[in-house]
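Undergrad: What follows is the file work22.cif, containing mmCIF, C-alpha atoms (C1' of nucleotides):
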data_start
loop_
_atom_site.label_atom_id
_atom_site.label_comp_id
_atom_site.auth_asym_id
_atom_site.auth_seq_id
_atom_site.Cartn_x
_atom_site.Cartn_y
_atom_site.Cartn_z
CA MET A 1 124.67 106.20 87.33
CA PRO A 2 126.54 109.34 87.83
CA GLU A 3 124.97 112.74 87.53
CA LEU A 4 126.96 115.96 87.71
CA PRO A 5 127.88 115.69 91.43
CA GLU A 6 129.24 112.17 90.99
CA VAL A 7 131.21 113.15 87.88
CA GLU A 8 132.59 116.24 89.61
CA THR A 9 133.47 114.16 92.68
CA THR A 10 135.30 111.76 90.38
CA ARG A 11 137.10 114.64 88.68
CA LYS A 12 138.26 116.13 91.97
CA GLY A 13 139.29 112.72 93.24
CA ILE A 14 141.44 111.67 90.29
CA GLU A 15 142.92 115.07 89.45
CA PRO A 16 145.70 115.20 92.09
CA HIS A 17 146.84 111.71 91.09
CA LEU A 18 147.07 112.59 87.41
CA LEU A 19 148.39 116.14 87.14
CA GLY A 20 151.94 116.20 85.75
CA GLN A 21 151.96 112.43 85.25
CA LYS A 22 152.86 110.88 81.94
CA VAL A 23 150.80 108.02 80.56
CA ARG A 24 153.15 105.06 80.15
CA LEU A 25 150.70 102.57 78.69
CA VAL A 26 147.03 102.17 77.84
CA LEU A 27 145.43 98.73 78.17
CA VAL A 28 142.05 98.28 76.50
CA ARG A 29 140.45 94.95 77.44
CA GLN A 30 137.00 95.76 76.08
CA ASP A 31 136.52 98.43 73.45
CA GLN A 32 132.80 97.94 72.85
CA LEU A 33 131.19 100.50 75.10
CA ARG A 34 128.18 102.69 74.22
CA TRP A 35 130.32 103.53 71.21
CA PRO A 36 133.58 101.82 70.32
CA ILE A 37 136.59 103.34 72.05
CA SER A 38 138.56 105.47 69.55
CA ALA A 39 140.89 103.04 67.78
CA GLY A 40 143.94 105.28 68.07
CA LEU A 41 143.50 106.08 71.76
CA GLY A 42 146.46 104.09 73.10
CA GLN A 43 148.94 105.26 70.53
CA ALA A 44 147.78 108.87 70.81
CA VAL A 45 147.91 109.21 74.57
CA THR A 46 150.95 107.06 75.38
CA GLY A 47 153.84 109.28 76.41
CA GLN A 48 151.61 112.30 76.89
CA MET A 49 151.57 114.27 80.14
CA ILE A 50 148.23 115.04 81.76
CA ASP A 51 148.04 118.81 82.17
CA ALA A 52 144.49 119.11 83.50
CA VAL A 53 141.37 117.11 84.36
CA GLU A 54 138.26 118.96 83.26
CA ARG A 55 134.51 118.40 83.18
CA ARG A 56 131.74 119.53 80.85
CA GLY A 57 128.31 118.27 81.91
CA LYS A 58 128.81 114.58 82.63
CA TYR A 59 131.89 114.31 80.39
CA LEU A 60 135.40 114.19 81.85
CA PHE A 61 138.52 115.23 79.95
CA LEU A 62 142.13 114.25 80.48
CA VAL A 63 143.89 117.18 78.83
CA THR A 64 147.29 116.69 77.16
CA ALA A 65 149.36 118.73 74.71
CA ALA A 66 148.34 116.38 71.88
CA GLY A 67 144.61 116.33 72.57
CA ARG A 68 142.02 115.17 75.08
CA VAL A 69 140.71 111.87 76.35
CA MET A 70 136.92 112.30 76.68
CA ILE A 71 135.21 109.95 79.14
CA HIS A 72 131.53 109.43 79.96
CA LEU A 73 130.61 107.11 82.84
CA GLY A 74 127.15 106.19 81.52
CA MET A 75 124.94 104.50 84.13
CA SER A 76 127.43 102.25 85.85
CA GLY A 77 130.90 103.57 85.07
CA SER A 78 133.56 104.56 87.59
CA LEU A 79 137.20 105.66 87.56
CA ARG A 80 139.56 104.61 90.30
CA ILE A 81 143.22 105.12 91.09
CA GLN A 82 144.75 101.74 91.82
CA SER A 83 148.17 100.27 92.45
CA PRO A 84 149.56 97.57 90.12
CA SER A 85 148.88 94.94 92.80
CA ALA A 86 145.11 95.65 92.86
CA PRO A 87 143.28 92.57 91.59
CA LEU A 88 141.55 92.94 88.25
CA LYS A 89 137.77 92.77 88.47
CA THR A 90 135.18 91.78 85.91
CA HIS A 91 134.28 94.82 83.77
CA ASP A 92 137.60 96.61 84.37
CA HIS A 93 137.70 97.63 80.71
CA VAL A 94 140.53 100.15 80.42
CA ASP A 95 143.74 100.92 82.34
CA PHE A 96 145.74 104.13 81.92
CA VAL A 97 149.08 103.14 83.45
CA LEU A 98 151.00 106.17 84.67
CA ALA A 99 154.75 106.71 84.81
CA ASN A 100 154.63 106.26 88.60
CA GLU A 101 152.98 102.84 88.04
CA GLN A 102 149.66 103.93 89.51
CA ILE A 103 146.71 103.01 87.31
CA LEU A 104 143.65 105.06 86.34
CA ARG A 105 141.14 102.22 85.88
CA PHE A 106 137.81 102.48 84.05
CA HIS A 107 135.20 100.02 85.32
CA ASP A 108 131.73 99.78 83.75
CA PRO A 109 129.46 96.71 84.11
CA ARG A 110 126.70 97.93 81.81
CA ARG A 111 129.03 99.48 79.23
CA PHE A 112 126.85 102.54 78.68
CA GLY A 113 129.95 104.68 79.15
CA SER A 114 132.24 105.89 76.39
CA ILE A 115 135.85 106.91 75.79
CA PHE A 116 137.00 109.01 72.84
CA TRP A 117 140.30 110.53 71.81
CA LEU A 118 139.91 114.10 70.59
CA PRO A 119 143.11 115.11 68.76
CA GLY A 120 144.52 118.61 69.16
CA GLU A 121 141.90 121.24 69.76
CA SER A 122 139.15 119.23 68.11
CA ASP A 123 135.68 118.92 69.54
CA HIS A 124 133.17 116.08 69.49
CA SER A 125 129.71 116.26 67.96
CA LEU A 126 128.23 115.06 71.27
CA LEU A 127 129.48 118.26 72.92
CA ARG A 128 128.20 120.73 70.38
CA SER A 129 124.59 121.12 71.42
CA LEU A 130 124.98 120.83 75.18
CA GLY A 131 123.12 123.33 77.35
CA PRO A 132 124.72 125.57 79.99
CA GLU A 133 126.42 124.34 83.15
CA PRO A 134 123.89 124.44 86.00
CA LEU A 135 126.33 125.99 88.48
CA THR A 136 127.01 129.05 86.32
CA THR A 137 125.02 132.26 85.89
CA ALA A 138 124.13 131.16 82.35
CA PHE A 139 121.66 128.78 83.97
CA SER A 140 119.05 131.29 85.09
CA ALA A 141 115.30 131.66 85.46
CA ALA A 142 115.17 133.92 82.41
CA TYR A 143 117.01 131.32 80.34
CA LEU A 144 114.78 128.41 81.40
CA PHE A 145 111.63 130.48 80.98
CA GLY A 146 112.70 131.57 77.51
CA VAL A 147 113.61 128.15 76.14
CA SER A 148 110.54 126.47 77.61
CA ARG A 149 107.83 128.65 76.01
CA GLY A 150 105.58 126.58 73.81
CA LYS A 151 106.96 123.25 75.08
CA SER A 152 104.45 120.66 76.25
CA VAL A 153 107.03 118.23 77.58
CA ALA A 154 106.91 117.54 81.33
CA VAL A 155 109.13 119.95 83.24
CA LYS A 156 111.04 117.02 84.76
CA ASN A 157 111.97 115.64 81.34
CA PHE A 158 112.81 119.17 80.22
CA LEU A 159 115.18 119.57 83.19
CA MET A 160 116.85 116.24 82.42
CA ASN A 161 117.45 117.16 78.77
CA SER A 162 121.18 117.86 78.35
CA HIS A 163 120.45 120.22 75.48
CA ILE A 164 118.58 122.43 77.94
CA VAL A 165 120.95 122.11 80.90
CA VAL A 166 123.71 119.57 81.52
CA GLY A 167 124.25 117.33 84.51
CA VAL A 168 120.77 116.98 86.01
CA GLY A 169 119.72 113.33 86.03
CA ASN A 170 116.90 111.42 87.64
CA ILE A 171 117.88 111.79 91.30
CA TYR A 172 118.53 115.51 91.29
CA ALA A 173 115.59 116.33 89.00
CA ASN A 174 113.25 114.64 91.50
CA GLU A 175 114.90 116.40 94.43
CA SER A 176 114.99 119.87 92.88
CA LEU A 177 111.36 119.78 91.75
CA TYR A 178 110.27 118.68 95.21
CA LEU A 179 112.21 121.46 96.92
CA ALA A 180 110.88 124.01 94.41
CA GLY A 181 107.29 122.82 94.93
CA ILE A 182 106.75 122.07 91.24
CA ARG A 183 104.83 119.02 90.01
CA PRO A 184 107.08 116.94 87.71
CA GLU A 185 104.40 116.35 85.04
CA LYS A 186 103.65 120.05 84.63
CA PRO A 187 104.26 121.13 81.01
CA ALA A 188 107.55 123.05 80.86
CA GLY A 189 105.90 125.81 78.85
CA LYS A 190 103.32 126.45 81.57
CA VAL A 191 105.77 127.06 84.41
CA SER A 192 106.01 130.74 85.39
CA LEU A 193 109.16 132.83 85.54
CA ALA A 194 108.86 133.08 89.32
CA ARG A 195 108.64 129.32 89.70
CA TYR A 196 111.60 128.80 87.36
CA ALA A 197 113.52 131.17 89.64
CA ARG A 198 112.79 128.86 92.58
CA LEU A 199 113.70 125.81 90.51
CA VAL A 200 117.02 127.25 89.36
CA ASP A 201 117.94 128.12 92.96
CA ARG A 202 117.05 124.64 94.19
CA VAL A 203 118.94 122.89 91.37
CA LYS A 204 122.07 124.86 92.22
CA GLU A 205 121.70 124.18 95.95
CA VAL A 206 121.06 120.47 95.53
CA LEU A 207 123.95 119.94 93.14
CA ALA A 208 126.36 121.98 95.26
CA SER A 209 125.34 120.12 98.44
CA ALA A 210 125.71 116.78 96.72
CA ILE A 211 129.19 117.67 95.50
CA GLU A 212 130.09 118.71 99.03
CA ALA A 213 128.85 115.33 100.32
CA GLY A 214 130.94 113.49 97.73
CA GLY A 215 127.98 112.47 95.57
CA THR A 216 125.19 109.93 96.03
CA THR A 217 126.01 106.23 96.33
CA LEU A 218 122.92 104.08 95.70
CA ARG A 219 124.57 100.94 94.43
CA ASP A 220 127.98 101.12 92.88
CA PHE A 221 129.14 104.72 92.63
CA VAL A 222 132.56 104.95 94.27
CA HIS A 223 135.20 107.62 94.65
CA GLU A 224 138.67 107.26 93.12
CA ASP A 225 139.74 105.38 96.26
CA GLY A 226 136.68 103.12 96.35
CA SER A 227 134.80 105.00 99.09
CA PRO A 228 131.11 105.95 98.75
CA GLY A 229 129.37 109.35 98.60
CA TYR A 230 127.15 110.45 101.47
CA PHE A 231 124.35 112.46 99.84
CA LYS A 232 121.91 109.54 99.90
CA GLN A 233 120.96 110.36 103.48
CA SER A 234 119.95 113.87 102.36
CA LEU A 235 117.47 112.74 99.70
CA HIS A 236 113.90 113.96 100.26
CA VAL A 237 111.94 112.02 97.63
CA TYR A 238 114.18 109.85 95.46
CA GLY A 239 113.74 106.21 96.48
CA ARG A 240 110.98 107.14 98.97
CA GLY A 241 107.81 106.47 96.96
CA GLY A 242 104.98 105.36 99.30
CA GLU A 243 106.70 106.86 102.32
CA ALA A 244 105.74 110.04 104.16
CA CYS A 245 106.49 113.45 102.71
CA LEU A 246 108.96 115.23 104.96
CA GLY A 247 107.00 118.47 104.51
CA CYS A 248 103.35 117.53 105.02
CA ALA A 249 103.47 113.85 106.07
CA GLY A 250 101.27 112.90 103.08
CA ILE A 251 102.22 109.79 101.09
CA LEU A 252 104.75 110.39 98.31
CA LYS A 253 103.52 109.27 94.90
CA GLU A 254 105.62 107.22 92.49
CA VAL A 255 104.91 107.32 88.75
CA ARG A 256 106.76 106.68 85.47
CA LEU A 257 107.63 109.75 83.46
CA GLY A 258 109.71 109.36 80.34
CA GLN A 259 110.53 105.78 81.38
CA ARG A 260 112.09 107.04 84.61
CA THR A 261 110.80 106.58 88.15
CA THR A 262 109.40 109.85 89.42
CA VAL A 263 108.54 110.58 93.06
CA PHE A 264 106.67 113.62 94.27
CA CYS A 265 104.21 114.96 96.83
CA SER A 266 100.88 115.87 95.27
CA ARG A 267 100.17 118.30 98.10
CA CYS A 268 103.52 120.14 98.24
CA GLN A 269 104.13 120.15 94.47
CA ARG A 270 101.72 121.97 92.14
"C1'" DA B 1 110.56 120.94 65.32
"C1'" DG B 2 108.90 118.52 69.41
"C1'" DT B 3 107.78 114.53 71.65
"C1'" DC B 4 107.90 109.75 72.70
"C1'" DG B 5 109.76 105.18 73.37
"C1'" DC B 6 113.34 101.92 72.22
"C1'" DG B 7 117.53 99.86 73.02
"C1'" DC B 8 122.29 99.58 74.24
"C1'" DC B 9 124.25 96.06 78.66
"C1'" DT B 10 124.88 93.52 83.31
"C1'" DG B 11 123.44 92.54 87.89
"C1'" DG B 12 120.48 92.43 91.84
"C1'" DC B 13 116.12 91.79 93.81
"C1'" DG B 14 111.39 90.10 94.61
"C1'" DG B 15 107.91 86.82 93.36
"C1'" DC B 16 106.49 82.36 92.20
"C1'" DT C 1 117.25 76.63 94.63
"C1'" DG C 2 116.06 78.51 90.09
"C1'" DC C 3 114.02 80.93 86.65
"C1'" DC C 4 111.66 85.27 85.09
"C1'" DG C 5 110.56 89.82 84.85
"C1'" DC C 6 111.58 94.22 86.31
"C1'" DC C 7 114.42 97.81 87.84
"C1'" DA C 8 118.74 100.72 87.89
"C1'" DG C 9 122.71 107.85 88.63
"C1'" DG C 10 122.21 108.01 80.75
"C1'" DC C 11 121.12 109.31 76.39
"C1'" DG C 12 121.15 109.19 71.21
"C1'" DC C 13 118.27 107.90 67.64
"C1'" DG C 14 114.39 106.75 64.69
"C1'" DA C 15 109.46 107.09 64.18
"C1'" DC C 16 105.64 109.79 64.29
#
Show me the file's structure as structure tokens.
TA:
Amino acid sequence: MPELPEVETTRKGIEPHLLGQKVRLVLVRQDQLRWPISAGLGQAVTGQMIDAVERRGKYLFLVTAAGRVMIHLGMSGSLRIQSPSAPLKTHDHVDFVLANEQILRFHDPRRFGSIFWLPGESDHSLLRSLGPEPLTTAFSAAYLFGVSRGKSVAVKNFLMNSHIVVGVGNIYANESLYLAGIRPEKPAGKVSLARYARLVDRVKEVLASAIEAGGTTLRDFVHEDGSPGYFKQSLHVYGRGGEACLGCAGILKEVRLGQRTTVFCSRCQR
DNA sequence: AGTCGCGCCTGGCGGC
DNA sequence: TGCCGCCAGGCGCGAC
């Protein structure tokens, strides 16, 4: 479920609990996620101190001197900090037990998430072709305009492609395109530089606001302490198909685009 | 090379 | 109440 704001919210939430802590034990109850959990994970990370908690796109990294634990939350994954007395729930697949007995617990009903151990300075093939971070200057109108020329794919699918830009999923793609006044089905290669400038600005604003609000909780996204995010109340189109457009009071349309629900206003978005 | 659709899973909801 | 189909914050891969 998580897009960049939810992953960043998770990162900021777990970081203060993990920095300087040693991993005492790793308990893997279910290792069949999107991909099998790296077989040597427990042995590799046990005894290691967590020096940093980083994020690249929707991937989180627990950084140690020996290497990095790479975590993706998929559609339904979450990470929480729990005490040893917290009852175990169904789909609590992995525990990282810290030296202070607190537990970093990975929970993922649909098991679309993944956990890898990356030894030393090594990288993972999944990281190699990722696009720029949306909240950096590398994500610009000139960049989007340049990489989109000649592409017939719908601009919404283009925006959700992690090889183009990381972190923008279905909620924030819908929201950004609405705020930029761009129709989601428009071929990416036909969008002008000026309109990409608007889109880039709106993507940055929406993601930053969502991070500030602690992410969007629709169903099961929770913070490290179990609390929800509050950006849902700021959504303009996502989940509002058939309701009134907040700009023109027309009825918001809902269609399928790339197997994902897409909501837009046919009057405000061209 | 680009584009499209499938499938990995579980759970919740609406309809019959 | 049950059963069934459909939907869900993602995304890599194989088939054209």
Undergrad: Using all atoms listed in the file and a cutoff of 9 Å, can you tell me which residues are near (109.8, 120.5, 68.8) in the file's coordinates, and write them out as a list of chain:residue names?
TA: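 Within the cut-off we find A:Gly150, A:Lys151, B:DA1, B:DG2, B:DT3.
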Undergrad: Written as a list in words, which residues does the PyMOL selection byres ((chain B) within 10 of (chain A)) give for the file shown?
TA: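 Against this file, the PyMOL selection byres ((chain B) within 10 of (chain A)) returns the residues DG2, DT3, DC4, DG5, DC8, DC9, DT10, DG11 and DG12 of chain B.
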Undergrad: Starting from the displayed file, determine the output of the PyMOL selection byres ((chain C) within 12 of (chain A)) and express the residue list as number ranges by chain.
TA: C: 7-12
Undergrad: When you draw a straight line from C1' of DC6 in chain C to CA of Gly242 in chain A, how long is it in Å?
TA: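 About the pair C1' of DC6 in chain C and CA of Gly242 in chain A: they are 18.3 Å apart.
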Undergrad: Let me have the centre and edge lengths of the axis-aligned box enclosing all listed atoms of range 7-13 of chain B with 3 Å padding on every side, in Å to one decimal, as AutoDock Vina command-line options.
TA:
--center_x 120.5 --center_y 95.8 --center_z 83.4 --size_x 14.8 --size_y 14.1 --size_z 26.8
Undergrad: Can you tell me which residues surround range 40-47 of chain A at a distance of at most 8 Å, considering only C-alpha atoms (C1' of nucleotides), apart from same-chain residues fewer than 4 positions away, and format the answer as a ChimeraX atom specification?
TA: /A:22-27,64,66,69,116-117
Undergrad: Expand the PyMOL selection byres ((chain C and resi 4) around 12) into the individual residues it matches in the shown file, reporting them as a list in words.
TA: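 Applied to this file, the PyMOL selection byres ((chain C and resi 4) around 12) selects DC13, DG14, DG15 and DC16 of chain B; DG2, DC3, DG5 and DC6 of chain C.
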Undergrad: Please compute the CA of Pro119 in chain A-CA of Val53 in chain A distance, one decimal, in Å.
TA: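 Interatomic distance here is 15.8 Å.
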Undergrad: Find the residues around Ala249 in chain A up to 12 Å (all atoms listed in the file counted), leave out those fewer than 3 positions away in its own chain, and share them as an NGL selection string.
TA: :A and (236 or 242-246 or 252 or 265-268)
Undergrad: How about saving the chosen residues, C-alpha atoms kept, as a PDB file, in the frame of the given file?
TA:
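Written output follows (part.pdb):
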ATOM      1  CA  HIS A 236     113.900 113.960 100.260  1.00  0.00           C
ATOM      2  CA  GLY A 242     104.980 105.360  99.300  1.00  0.00           C
ATOM      3  CA  GLU A 243     106.700 106.860 102.320  1.00  0.00           C
ATOM      4  CA  ALA A 244     105.740 110.040 104.160  1.00  0.00           C
ATOM      5  CA  CYS A 245     106.490 113.450 102.710  1.00  0.00           C
ATOM      6  CA  LEU A 246     108.960 115.230 104.960  1.00  0.00           C
ATOM      7  CA  LEU A 252     104.750 110.390  98.310  1.00  0.00           C
ATOM      8  CA  CYS A 265     104.210 114.960  96.830  1.00  0.00           C
ATOM      9  CA  SER A 266     100.880 115.870  95.270  1.00  0.00           C
ATOM     10  CA  ARG A 267     100.170 118.300  98.100  1.00  0.00           C
ATOM     11  CA  CYS A 268     103.520 120.140  98.240  1.00  0.00           C
TER      12      CYS A 268
END
Undergrad: Can I get a file of chain C from the given structure, N, CA and C atoms (P, O5', C5', C4', C3', O3' and C1' of nucleotides) kept, as a tab-separated table (two decimals), in the first residue's frame?
TA:
chain	number	residue	atom	x	y	z
C	1	DT	P	-25.24	-14.15	11.21
C	1	DT	O5'	-25.37	-15.18	10.09
C	1	DT	C5'	-25.53	-16.53	10.43
C	1	DT	C4'	-25.33	-17.27	9.15
C	1	DT	C3'	-23.92	-17.09	8.60
C	1	DT	O3'	-23.26	-18.34	8.71
C	1	DT	C1'	-25.59	-16.74	6.91
C	2	DG	P	-22.23	-19.18	8.17
C	2	DG	O5'	-22.01	-18.72	6.65
C	2	DG	C5'	-23.11	-18.94	5.89
C	2	DG	C4'	-22.88	-19.67	4.63
C	2	DG	C3'	-21.46	-19.70	4.11
C	2	DG	O3'	-21.39	-20.63	3.02
C	2	DG	C1'	-22.67	-18.03	2.99
C	3	DC	P	-20.04	-21.29	2.61
C	3	DC	O5'	-20.00	-21.10	1.04
C	3	DC	C5'	-21.18	-21.26	0.25
C	3	DC	C4'	-21.05	-20.37	-0.96
C	3	DC	C3'	-19.61	-20.24	-1.49
C	3	DC	O3'	-19.63	-20.49	-2.87
C	3	DC	C1'	-20.58	-18.10	-1.19
C	4	DC	P	-18.46	-20.19	-3.87
C	4	DC	O5'	-18.88	-18.73	-4.32
C	4	DC	C5'	-20.00	-18.55	-5.17
C	4	DC	C4'	-19.73	-17.35	-6.06
C	4	DC	C3'	-18.32	-17.36	-6.64
C	4	DC	O3'	-18.37	-16.88	-7.98
C	4	DC	C1'	-18.60	-15.48	-5.19
C	5	DG	P	-17.07	-16.82	-8.89
C	5	DG	O5'	-16.95	-15.26	-9.12
C	5	DG	C5'	-18.12	-14.50	-9.38
C	5	DG	C4'	-17.79	-13.03	-9.23
C	5	DG	C3'	-16.45	-12.64	-9.84
C	5	DG	O3'	-16.61	-11.42	-10.54
C	5	DG	C1'	-16.48	-12.02	-7.56
C	6	DC	P	-15.43	-10.76	-11.32
C	6	DC	O5'	-15.15	-9.52	-10.39
C	6	DC	C5'	-16.24	-8.68	-9.96
C	6	DC	C4'	-15.68	-7.63	-9.04
C	6	DC	C3'	-14.32	-7.11	-9.52
C	6	DC	O3'	-14.29	-5.69	-9.44
C	6	DC	C1'	-14.16	-7.90	-7.29
C	7	DC	P	-13.13	-4.92	-10.15
C	7	DC	O5'	-12.42	-4.20	-8.92
C	7	DC	C5'	-13.18	-3.36	-8.04
C	7	DC	C4'	-12.39	-3.23	-6.76
C	7	DC	C3'	-10.92	-2.92	-7.00
C	7	DC	O3'	-10.66	-1.53	-6.80
C	7	DC	C1'	-11.24	-4.60	-5.31
C	8	DA	P	-9.22	-1.00	-7.23
C	8	DA	O5'	-8.37	-1.22	-5.88
C	8	DA	C5'	-8.69	-0.49	-4.72
C	8	DA	C4'	-7.77	-0.94	-3.59
C	8	DA	C3'	-6.31	-1.09	-4.04
C	8	DA	O3'	-5.63	0.15	-3.87
C	8	DA	C1'	-7.01	-2.97	-2.74
C	9	DG	P	-5.16	0.93	-5.16
C	9	DG	O5'	-3.84	1.66	-4.72
C	9	DG	C5'	-3.52	1.95	-3.40
C	9	DG	C4'	-2.09	2.48	-3.37
C	9	DG	C3'	-1.01	1.40	-3.47
C	9	DG	O3'	0.16	2.04	-3.90
C	9	DG	C1'	-0.93	2.36	-1.35
C	10	DG	P	0.83	1.60	-5.23
C	10	DG	O5'	1.29	0.13	-4.83
C	10	DG	C5'	2.23	-0.07	-3.77
C	10	DG	C4'	3.39	-0.94	-4.21
C	10	DG	C3'	4.16	-0.37	-5.41
C	10	DG	O3'	5.52	-0.69	-5.17
C	10	DG	C1'	3.26	-2.47	-5.99
C	11	DC	P	6.64	-0.24	-6.22
C	11	DC	O5'	6.81	-1.46	-7.20
C	11	DC	C5'	7.24	-2.72	-6.70
C	11	DC	C4'	7.24	-3.68	-7.85
C	11	DC	C3'	7.81	-3.07	-9.14
C	11	DC	O3'	8.70	-4.00	-9.69
C	11	DC	C1'	5.79	-4.11	-9.56
C	12	DG	P	10.08	-3.58	-10.23
C	12	DG	O5'	10.65	-4.98	-10.72
C	12	DG	C5'	10.64	-6.09	-9.83
C	12	DG	C4'	10.24	-7.34	-10.57
C	12	DG	C3'	10.97	-7.51	-11.90
C	12	DG	O3'	11.29	-8.88	-12.04
C	12	DG	C1'	8.63	-7.50	-12.26
C	13	DC	P	12.32	-9.42	-13.09
C	13	DC	O5'	11.37	-10.26	-14.05
C	13	DC	C5'	10.42	-11.15	-13.48
C	13	DC	C4'	9.44	-11.57	-14.55
C	13	DC	C3'	10.09	-11.74	-15.93
C	13	DC	O3'	9.77	-12.99	-16.47
C	13	DC	C1'	8.16	-10.35	-16.05
C	14	DG	P	10.66	-13.61	-17.62
C	14	DG	O5'	9.53	-14.10	-18.62
C	14	DG	C5'	8.34	-14.70	-18.11
C	14	DG	C4'	7.22	-14.51	-19.10
C	14	DG	C3'	7.63	-14.79	-20.55
C	14	DG	O3'	6.55	-15.47	-21.17
C	14	DG	C1'	6.83	-12.55	-20.35
C	15	DA	P	6.66	-16.04	-22.65
C	15	DA	O5'	5.66	-15.04	-23.39
C	15	DA	C5'	4.30	-14.98	-22.97
C	15	DA	C4'	3.55	-13.99	-23.84
C	15	DA	C3'	3.85	-14.14	-25.33
C	15	DA	O3'	2.63	-14.02	-26.05
C	15	DA	C1'	4.38	-11.94	-24.62
C	16	DC	P	2.58	-14.42	-27.63
C	16	DC	O5'	3.06	-13.08	-28.34
C	16	DC	C5'	2.19	-12.50	-29.27
C	16	DC	C4'	2.21	-10.99	-29.09
C	16	DC	C3'	2.61	-10.25	-30.36
C	16	DC	O3'	1.43	-9.74	-30.98
C	16	DC	C1'	3.61	-9.28	-28.40
